[in-house]
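Colleague: Pasting in a structure now, in structure tokens, and then I'll have a few things to ask.
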Amino acid sequence: MTIEVMHRTVETNGIRMHLAEAGEGPLVVLCHGFPESWYSWRHQLPALAEAGFRAVAPDMRGYGQTDRPDAIDQYTLFHILGDMVGVLDALGADRAVIAGHDWGAIVAWHAAQLRPDRFRGAIGLSVPFRARGPVRPTTIMPQTDDAIWYQLYFQKPGVAEAEYDRNARVVFRAGRIAISGDALPGTRPFGMIPRQGRPFRWDAPAPPLPRWLTEPDVDFYTAEFTRTGFRGGLNWYRNIDRNWELLAPFDGLRVTVPALYIAGDRDPVIKFPGMDRHIADLE
Amino acid sequence: MMTAEVTHRTVETNGIRMHLAEAGAGPLVVLCHGFAESWYSWRHQLPALAEAGFRAVAPDMRGYGGTDRPEAIDQYTLLHLIGDMVGLLDALGAEQAVIAGHDWGAPVAWHAALLRPDRFRAVIGLSVPYRPRGSVRPTTVMPQTDDAVFYQLYFQTPGVAEVEFERDVGHTIRSLLCAISGDAAPRESGLTAAGAVGTVRRRGGFLDGMANPAVLPPWLTEAEVDFYAGEFARTGFRGGLNWYRNIDRNWELLAPFAGARIMVPALYIAGDRDPVVAFPGMDRLIPNLVSFVPQLRATIMLPGCGHWTQQERAAEVNAAMIDFLRRL
């Protein structure tokens, strides 16, 4: 029996949020990353439902059919965590397990850290929990004479939007494949953006689709982002330093609820500077 | 009994330099002052707590006195202020502390206990009770009429209250301390001049109509007024006013904590002539505080006491704090 994925919109934390949901039972909230959609959980929604859970995947703040506030400061981790607490309230759920992938993992880890009374377990995919560091994050991101860390490239409003908005289909086809386990060997290392010239190789020949990505998948993401643009998701990156400031009260606080971390050994994220230490220190 | 010596130093916390007054040795008690005050507002508590066997530490809070005053308004959110307090514990090498706060320091203390019960093992609030996060942006529901606005709205526009308060700092301090103390005649308070508690006339200022008596109330000396006046003549009032300019931002940032309760032991003390306890909604909140602070050990309303709780009734506040601390 195939479980149907239902869609609806709820009010949470002052915005309207679109949710995809399936199943009944204990609530599991699924937070997608950049630049993605509830659709990134399309394989989990029916599987979790069949296993006896109520799985709910929102379009996160700034994405898809969820509201996209204009102001950059409306995309702090605290706004996004507030959205998730509000989703539980809107669904009438006292507690949930929260899972997240990529930026969504950061949301999930901090939800569990800040509200263990509401989030009874956390599952992080790709991005491990990272304890707050002693310095402002953007001050220690890699930069050379020739290139800067992609998160620095994302800081200036409008710059990355101009590239991504014009090339949505490439982002969701070649871009997806390039940081997947099926990336061709010798692809330019992920993370550093050249200061001069084109930041991405939009004109590289389109690789064949791997088994896990279909033309309809590429079409879905492309249509969503053609409609919404990438600004909402990029604005999350523009709060990295502000999040660091605002998390000062939680310095040294550990995630104490049961947790699971899953990543791929060919995920560029686990090769980010310092990640080897963060992953080894998780326990 | 020997008077415990109050010593002073500066620590680094949360990216700023913070001046501390401290006294005693023993379990740590952090004392957070309010607007427009100073570590000095705890001058009666520091030696009393020290003599009772505690290590009492009263910082100049962010924006005040000998502590740094960042320029940007968004550097004064409650999360910055609580980050300062967590960093203070780290700087003092203390795993845990009891945190007490008066006026604006009370929301800092209450929320520190809400957010970090592992670091703040108990909380004492003076004047301002814990207010659970409301459903709407706070400034949108503050009282305003054609003639008058709630003083917290008057404080929103950068520069306006600064100009009024800094024109004659001595007069400002004297008016603030006298007009909302329990010794002021009910009609003397500028905060009731426009007819409703806590409002300021649109064409006037915060201090209009406030008593500025020739003779100070018995709990306050000219030398004490001079101390505050000296501090604010040097620093101005902007740092403290910037706290008010984050009220809406704080409300946004606290969304993840909607519905969260304070789970550590707590004590609330206020004066029954404090205008704060007559603010809109307080008549319902204060009797129900235990719903949001289930380990509230007591609510102590001091008869005849006004806003400056720990200065007006030093002996009673000291006794209540020490009794609470000893039973933890």
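Ligands are numbered from 1 in the order shown, chains are lettered A, B, ... in the order of the structure tokens, and residues start at 1 in each chain.
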If we count only C-alpha atoms and set the cut-off at 7 Å, which residues sit around stretch 194-204 of chain A, ignoring sequence neighbours fewer than 6 positions away in its own chain? Please answer as a ChimeraX atom specification.
Modeller: /A:146-148,170
Colleague: With N, CA, C and O atoms kept, could you save the residues just selected as a PDB file, in the first residue's frame?
Modeller:
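Full text of result17.pdb as output:
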ATOM      1  N   ASP A 146      42.982  34.264  -4.532  1.00  0.00           N
ATOM      2  CA  ASP A 146      42.222  33.914  -5.737  1.00  0.00           C
ATOM      3  C   ASP A 146      40.780  33.513  -5.461  1.00  0.00           C
ATOM      4  O   ASP A 146      39.947  33.585  -6.364  1.00  0.00           O
ATOM      5  N   ALA A 147      40.492  33.052  -4.246  1.00  0.00           N
ATOM      6  CA  ALA A 147      39.178  32.439  -4.034  1.00  0.00           C
ATOM      7  C   ALA A 147      38.706  32.643  -2.596  1.00  0.00           C
ATOM      8  O   ALA A 147      39.507  32.881  -1.691  1.00  0.00           O
ATOM      9  N   ILE A 148      37.388  32.573  -2.404  1.00  0.00           N
ATOM     10  CA  ILE A 148      36.826  32.691  -1.049  1.00  0.00           C
ATOM     11  C   ILE A 148      35.861  31.536  -0.789  1.00  0.00           C
ATOM     12  O   ILE A 148      35.299  30.943  -1.717  1.00  0.00           O
ATOM     13  N   VAL A 170      20.575  24.105 -13.954  1.00  0.00           N
ATOM     14  CA  VAL A 170      21.947  23.601 -13.793  1.00  0.00           C
ATOM     15  C   VAL A 170      22.241  23.331 -12.318  1.00  0.00           C
ATOM     16  O   VAL A 170      22.875  22.338 -11.963  1.00  0.00           O
TER      17      VAL A 170
END
Colleague: Could you tell me which residues of chain A sit within 7 Å of chain B when counting only C-alpha atoms, and give me the result as a PyMOL selection string?
Modeller: chain A and resi 13+78-79+81-82+85+245-246+248-249
Colleague: Those same residues, written as a compact mmCIF listing (two decimals), in the first residue's frame with all heavy atoms?
Modeller:
# COMPACT_ATOMS: atom_id res chain seq x y z
N ASN A 13 4.76 31.11 14.06
CA ASN A 13 5.75 32.16 14.34
C ASN A 13 5.59 33.36 13.39
O ASN A 13 6.57 33.93 12.93
CB ASN A 13 7.17 31.56 14.23
CG ASN A 13 8.23 32.44 14.85
OD1 ASN A 13 7.94 33.32 15.66
ND2 ASN A 13 9.47 32.22 14.46
N PHE A 78 17.14 31.57 15.42
CA PHE A 78 16.07 31.69 16.41
C PHE A 78 14.71 31.84 15.75
O PHE A 78 13.71 31.33 16.26
CB PHE A 78 16.37 32.84 17.37
CG PHE A 78 17.49 32.50 18.30
CD1 PHE A 78 18.82 32.66 17.90
CD2 PHE A 78 17.25 31.98 19.55
CE1 PHE A 78 19.86 32.31 18.73
CE2 PHE A 78 18.28 31.62 20.40
CZ PHE A 78 19.60 31.79 19.99
N HIS A 79 14.66 32.54 14.61
CA HIS A 79 13.40 32.62 13.88
C HIS A 79 13.01 31.23 13.37
O HIS A 79 11.86 30.81 13.45
CB HIS A 79 13.52 33.59 12.70
CG HIS A 79 13.59 35.03 13.13
ND1 HIS A 79 14.73 35.62 13.59
CD2 HIS A 79 12.64 35.99 13.16
CE1 HIS A 79 14.49 36.88 13.89
NE2 HIS A 79 13.23 37.15 13.64
N LEU A 81 14.05 28.23 14.46
CA LEU A 81 13.68 27.35 15.57
C LEU A 81 12.29 27.71 16.08
O LEU A 81 11.50 26.82 16.44
CB LEU A 81 14.70 27.45 16.70
CG LEU A 81 16.11 26.98 16.38
CD1 LEU A 81 17.07 27.34 17.51
CD2 LEU A 81 16.13 25.48 16.14
N GLY A 82 12.00 28.99 16.11
CA GLY A 82 10.65 29.42 16.50
C GLY A 82 9.60 28.86 15.56
O GLY A 82 8.51 28.46 15.99
N VAL A 85 9.07 25.16 16.63
CA VAL A 85 8.26 25.06 17.85
C VAL A 85 6.80 25.37 17.51
O VAL A 85 5.88 24.67 17.96
CB VAL A 85 8.79 26.00 18.95
CG1 VAL A 85 7.83 26.08 20.12
CG2 VAL A 85 10.18 25.54 19.41
N GLU A 245 26.45 35.34 17.54
CA GLU A 245 26.23 36.30 18.64
C GLU A 245 25.07 35.85 19.53
O GLU A 245 25.16 35.87 20.75
CB GLU A 245 25.87 37.69 18.09
CG GLU A 245 27.02 38.49 17.58
CD GLU A 245 26.56 39.89 17.19
OE1 GLU A 245 25.52 40.38 17.69
OE2 GLU A 245 27.24 40.50 16.35
N LEU A 246 23.97 35.49 18.87
CA LEU A 246 22.74 35.21 19.61
C LEU A 246 22.82 33.89 20.38
O LEU A 246 22.07 33.68 21.33
CB LEU A 246 21.54 35.18 18.65
CG LEU A 246 21.27 36.50 17.92
CD1 LEU A 246 20.18 36.32 16.87
CD2 LEU A 246 20.86 37.60 18.91
N ALA A 248 25.32 33.04 22.17
CA ALA A 248 26.24 33.20 23.31
C ALA A 248 25.67 32.63 24.62
O ALA A 248 26.41 32.01 25.39
CB ALA A 248 26.64 34.66 23.49
N PRO A 249 24.37 32.81 24.89
CA PRO A 249 23.86 32.24 26.15
C PRO A 249 23.99 30.72 26.23
O PRO A 249 23.92 30.16 27.33
CB PRO A 249 22.38 32.64 26.16
CG PRO A 249 22.28 33.80 25.25
CD PRO A 249 23.33 33.58 24.19
Colleague: Hey, what's within 8 Å of stretch 54-58 of chain A if we count only C-alpha atoms and toss same-chain stuff fewer than 2 positions away? As a list in words, please?
Modeller: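 Near neighbours after the sequence-gap exclusion: Met17, His18, Leu19, Ala20, Glu21, Ala22, Gly23, Glu24, Gly25, Pro26, Leu27, Val28, Val29, Leu30, Cys31, His32, Ser37, Trp38, Trp41, Gln44, Leu45, Leu48, Ala49, Gly52 and Met60 of chain A.
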Colleague: Report as a list in words all protein, DNA and RNA residues lying within 8 Å of stretch 223-236 of chain B, evaluated on only C-alpha atoms, omitting residues in the same chain fewer than 6 positions from it.
Modeller: Glu37, Ser38, Tyr40, Tyr64, Gly65, Glu162, Glu166, Val169, Gly170, Ile173 and Arg174 of chain B
Colleague: Keeping only C-alpha atoms, write those residues as a PDB file, in the first residue's frame.
Modeller:
ATOM      1  CA  GLU B  37      21.345  52.178  37.336  1.00  0.00           C
ATOM      2  CA  SER B  38      24.686  50.707  38.205  1.00  0.00           C
ATOM      3  CA  TYR B  40      25.922  50.525  42.934  1.00  0.00           C
ATOM      4  CA  TYR B  64      26.496  50.990  31.754  1.00  0.00           C
ATOM      5  CA  GLY B  65      29.189  52.438  33.988  1.00  0.00           C
ATOM      6  CA  GLU B 162      18.886  60.723  25.622  1.00  0.00           C
ATOM      7  CA  GLU B 166      21.332  64.170  29.569  1.00  0.00           C
ATOM      8  CA  VAL B 169      21.945  64.435  34.711  1.00  0.00           C
ATOM      9  CA  GLY B 170      21.752  65.287  38.409  1.00  0.00           C
ATOM     10  CA  ILE B 173      18.765  60.838  38.563  1.00  0.00           C
ATOM     11  CA  ARG B 174      17.162  62.634  41.482  1.00  0.00           C
TER      12      ARG B 174
END
Colleague: Could you write out, as a PyMOL selection string, all the residues of stretch 114-327 of chain B that DSSP marks as strand (DSSP E)?
Modeller: chain B and resi 120-126+148-150+199-201+266-271+296-302
Colleague: Leaving out A:Phe220 and any residue of its chain fewer than 2 positions from it, which residues lie within 12 Å of it when counting only C-alpha atoms, given as a PDB file with N, CA, C and O atoms, in the first residue's frame?
Modeller:
ATOM      1  N   GLU A  36      16.843  23.599  -1.100  1.00  0.00           N
ATOM      2  CA  GLU A  36      16.011  22.412  -1.274  1.00  0.00           C
ATOM      3  C   GLU A  36      14.537  22.709  -1.012  1.00  0.00           C
ATOM      4  O   GLU A  36      14.070  23.834  -1.230  1.00  0.00           O
ATOM      5  N   SER A  37      13.834  21.718  -0.501  1.00  0.00           N
ATOM      6  CA  SER A  37      12.372  21.734  -0.508  1.00  0.00           C
ATOM      7  C   SER A  37      11.897  20.593   0.384  1.00  0.00           C
ATOM      8  O   SER A  37      12.656  19.660   0.665  1.00  0.00           O
ATOM      9  N   TRP A  38      10.629  20.621   0.786  1.00  0.00           N
ATOM     10  CA  TRP A  38      10.037  19.455   1.457  1.00  0.00           C
ATOM     11  C   TRP A  38      10.311  18.208   0.632  1.00  0.00           C
ATOM     12  O   TRP A  38      10.416  17.097   1.167  1.00  0.00           O
ATOM     13  N   TYR A  39      10.459  18.410  -0.698  1.00  0.00           N
ATOM     14  CA  TYR A  39      10.576  17.323  -1.673  1.00  0.00           C
ATOM     15  C   TYR A  39      11.831  16.485  -1.442  1.00  0.00           C
ATOM     16  O   TYR A  39      11.898  15.332  -1.848  1.00  0.00           O
ATOM     17  N   SER A  40      12.829  17.074  -0.740  1.00  0.00           N
ATOM     18  CA  SER A  40      14.048  16.328  -0.448  1.00  0.00           C
ATOM     19  C   SER A  40      13.790  15.170   0.515  1.00  0.00           C
ATOM     20  O   SER A  40      14.653  14.304   0.680  1.00  0.00           O
ATOM     21  N   ARG A  42      11.076  13.197   0.069  1.00  0.00           N
ATOM     22  CA  ARG A  42      10.025  12.424  -0.602  1.00  0.00           C
ATOM     23  C   ARG A  42      10.141  10.925  -0.354  1.00  0.00           C
ATOM     24  O   ARG A  42       9.138  10.228  -0.338  1.00  0.00           O
ATOM     25  N   GLY A  64       9.964  27.517  -1.145  1.00  0.00           N
ATOM     26  CA  GLY A  64       8.775  26.858  -1.688  1.00  0.00           C
ATOM     27  C   GLY A  64       7.511  27.645  -1.464  1.00  0.00           C
ATOM     28  O   GLY A  64       7.425  28.834  -1.785  1.00  0.00           O
ATOM     29  N   ALA A 168      18.850  27.945 -12.630  1.00  0.00           N
ATOM     30  CA  ALA A 168      18.242  27.016 -11.671  1.00  0.00           C
ATOM     31  C   ALA A 168      18.382  25.562 -12.136  1.00  0.00           C
ATOM     32  O   ALA A 168      18.728  24.683 -11.351  1.00  0.00           O
ATOM     33  N   ARG A 169      18.132  25.309 -13.402  1.00  0.00           N
ATOM     34  CA  ARG A 169      18.164  23.913 -13.849  1.00  0.00           C
ATOM     35  C   ARG A 169      19.563  23.297 -13.708  1.00  0.00           C
ATOM     36  O   ARG A 169      19.700  22.138 -13.319  1.00  0.00           O
ATOM     37  N   PHE A 172      20.230  22.322 -10.106  1.00  0.00           N
ATOM     38  CA  PHE A 172      19.573  21.106  -9.624  1.00  0.00           C
ATOM     39  C   PHE A 172      19.934  19.867 -10.434  1.00  0.00           C
ATOM     40  O   PHE A 172      19.480  18.785 -10.136  1.00  0.00           O
ATOM     41  N   ARG A 173      20.750  20.061 -11.453  1.00  0.00           N
ATOM     42  CA  ARG A 173      21.198  18.892 -12.210  1.00  0.00           C
ATOM     43  C   ARG A 173      22.704  18.713 -11.997  1.00  0.00           C
ATOM     44  O   ARG A 173      23.120  17.955 -11.122  1.00  0.00           O
ATOM     45  N   LEU A 213      18.474  10.382  -9.014  1.00  0.00           N
ATOM     46  CA  LEU A 213      17.938  11.681  -9.448  1.00  0.00           C
ATOM     47  C   LEU A 213      17.281  11.516 -10.824  1.00  0.00           C
ATOM     48  O   LEU A 213      17.933  11.053 -11.766  1.00  0.00           O
ATOM     49  N   THR A 214      15.999  11.877 -10.907  1.00  0.00           N
ATOM     50  CA  THR A 214      15.262  11.699 -12.166  1.00  0.00           C
ATOM     51  C   THR A 214      15.006  13.053 -12.821  1.00  0.00           C
ATOM     52  O   THR A 214      15.100  14.104 -12.167  1.00  0.00           O
ATOM     53  N   GLU A 215      14.640  13.013 -14.075  1.00  0.00           N
ATOM     54  CA  GLU A 215      14.253  14.261 -14.755  1.00  0.00           C
ATOM     55  C   GLU A 215      13.085  14.950 -14.050  1.00  0.00           C
ATOM     56  O   GLU A 215      13.113  16.167 -13.867  1.00  0.00           O
ATOM     57  N   PRO A 216      12.058  14.196 -13.621  1.00  0.00           N
ATOM     58  CA  PRO A 216      10.973  14.869 -12.879  1.00  0.00           C
ATOM     59  C   PRO A 216      11.456  15.509 -11.577  1.00  0.00           C
ATOM     60  O   PRO A 216      10.948  16.559 -11.174  1.00  0.00           O
ATOM     61  N   ASP A 217      12.444  14.893 -10.907  1.00  0.00           N
ATOM     62  CA  ASP A 217      13.006  15.516  -9.696  1.00  0.00           C
ATOM     63  C   ASP A 217      13.638  16.864 -10.053  1.00  0.00           C
ATOM     64  O   ASP A 217      13.399  17.882  -9.386  1.00  0.00           O
ATOM     65  N   VAL A 218      14.467  16.862 -11.093  1.00  0.00           N
ATOM     66  CA  VAL A 218      15.128  18.102 -11.519  1.00  0.00           C
ATOM     67  C   VAL A 218      14.064  19.138 -11.889  1.00  0.00           C
ATOM     68  O   VAL A 218      14.166  20.319 -11.523  1.00  0.00           O
ATOM     69  N   THR A 222      13.533  22.766 -10.068  1.00  0.00           N
ATOM     70  CA  THR A 222      13.719  23.909 -10.973  1.00  0.00           C
ATOM     71  C   THR A 222      12.468  24.791 -10.983  1.00  0.00           C
ATOM     72  O   THR A 222      12.562  26.025 -10.924  1.00  0.00           O
ATOM     73  N   ALA A 223      11.301  24.154 -11.009  1.00  0.00           N
ATOM     74  CA  ALA A 223      10.055  24.929 -11.031  1.00  0.00           C
ATOM     75  C   ALA A 223       9.874  25.711  -9.731  1.00  0.00           C
ATOM     76  O   ALA A 223       9.496  26.887  -9.742  1.00  0.00           O
ATOM     77  N   GLU A 224      10.169  25.055  -8.596  1.00  0.00           N
ATOM     78  CA  GLU A 224      10.020  25.731  -7.304  1.00  0.00           C
ATOM     79  C   GLU A 224      10.904  26.974  -7.243  1.00  0.00           C
ATOM     80  O   GLU A 224      10.464  28.052  -6.839  1.00  0.00           O
ATOM     81  N   PHE A 225      12.158  26.825  -7.604  1.00  0.00           N
ATOM     82  CA  PHE A 225      13.098  27.938  -7.442  1.00  0.00           C
ATOM     83  C   PHE A 225      12.982  28.964  -8.561  1.00  0.00           C
ATOM     84  O   PHE A 225      13.348  30.120  -8.368  1.00  0.00           O
ATOM     85  N   THR A 226      12.449  28.541  -9.701  1.00  0.00           N
ATOM     86  CA  THR A 226      12.164  29.525 -10.743  1.00  0.00           C
ATOM     87  C   THR A 226      11.070  30.470 -10.247  1.00  0.00           C
ATOM     88  O   THR A 226      11.077  31.668 -10.520  1.00  0.00           O
ATOM     89  N   ARG A 227      10.165  29.919  -9.449  1.00  0.00           N
ATOM     90  CA  ARG A 227       9.062  30.713  -8.906  1.00  0.00           C
ATOM     91  C   ARG A 227       9.522  31.584  -7.730  1.00  0.00           C
ATOM     92  O   ARG A 227       9.153  32.755  -7.626  1.00  0.00           O
TER      93      ARG A 227
END
Colleague: Can you tell me which residues surround B:Arg9 at a distance of at most 8 Å, considering only C-alpha atoms, apart from same-chain residues fewer than 4 positions away, and format the answer as a count of residues only?
Modeller: 3
Colleague: Using only C-alpha atoms, can you tell me which of A:Ile179, A:Tyr237, A:Leu184, A:Ala108 comes closest to A:Tyr153?
Modeller: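 Going through A:Ile179, A:Tyr237, A:Leu184, A:Ala108 one by one, the smallest distance to A:Tyr153 is for A:Tyr237.
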Colleague: Tell me which protein, DNA and RNA residues are within 6 Å of B:Val30, counting only C-alpha atoms, leaving out same-chain ones fewer than 5 positions away, and put them as a PyMOL selection string.
Modeller: chain B and resi 57-58+99
Colleague: With distances taken over only C-alpha atoms, which residue among A:Phe154, A:Phe53, A:Phe119, A:Phe250 lies nearest A:Gly232?
Modeller: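 Closest candidate: A:Phe154.
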Colleague: Give me, as a list of chain:residue names, the residues of stretch 275-315 of chain B that a backbone DSSP run labels alpha helix (DSSP H).
Modeller: B:Met282, B:Asp283, B:Arg284, B:Leu285, B:Leu289, B:Val290, B:Ser291, B:Phe292, B:Thr309, B:Gln310, B:Gln311, B:Glu312, B:Ala314, B:Ala315
Colleague: Could you save those same residues with C-alpha atoms as a JSON list (two decimals), in the first residue's frame?
Modeller:
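This went into selection-v2.json:
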[["chain", "number", "residue", "atom", "x", "y", "z"],
["B", 282, "MET", "CA", 0.36, 42.69, 36.06],
["B", 283, "ASP", "CA", -2.72, 42.29, 38.26],
["B", 284, "ARG", "CA", -3.39, 38.99, 36.49],
["B", 285, "LEU", "CA", 0.23, 37.91, 35.99],
["B", 289, "LEU", "CA", 3.34, 33.55, 38.47],
["B", 290, "VAL", "CA", 3.61, 30.01, 39.80],
["B", 291, "SER", "CA", 1.96, 28.73, 36.61],
["B", 292, "PHE", "CA", 5.02, 29.85, 34.66],
["B", 309, "THR", "CA", 13.18, 47.54, 45.93],
["B", 310, "GLN", "CA", 16.66, 46.60, 47.16],
["B", 311, "GLN", "CA", 17.63, 50.20, 47.92],
["B", 312, "GLU", "CA", 14.40, 51.26, 49.65],
["B", 314, "ALA", "CA", 17.71, 46.91, 52.01],
["B", 315, "ALA", "CA", 17.32, 45.02, 55.28]]
Colleague: Using only C-alpha atoms for the distances, tell me which of A:Leu260, A:Met192, A:Val159, A:Ile80 is nearest to A:Asp67.
Modeller: A:Ile80
Colleague: When distances are computed from only C-alpha atoms, which of A:Ala178, A:Ala131, A:Ala160, A:Met141 shows the smallest separation from A:Asp251?
Modeller: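 Of the candidates, the smallest distance to A:Asp251 is held by A:Ala131.
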Colleague: Atom CA of B:Gly134 and atom CA of A:Asp89 are how many Å apart?
Modeller: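 Those two atoms sit 14.5 Å apart.
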Colleague: Interatomic distance between atom CA of A:Ile279 and atom CA of A:Ile262?
Modeller: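 For atom CA of A:Ile279 relative to atom CA of A:Ile262, the distance reads 10.5 Å.
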Colleague: To one decimal place in Å, what is the distance between atom CA of B:Thr67 and atom CA of B:Val200?
Modeller: 29.5 Å
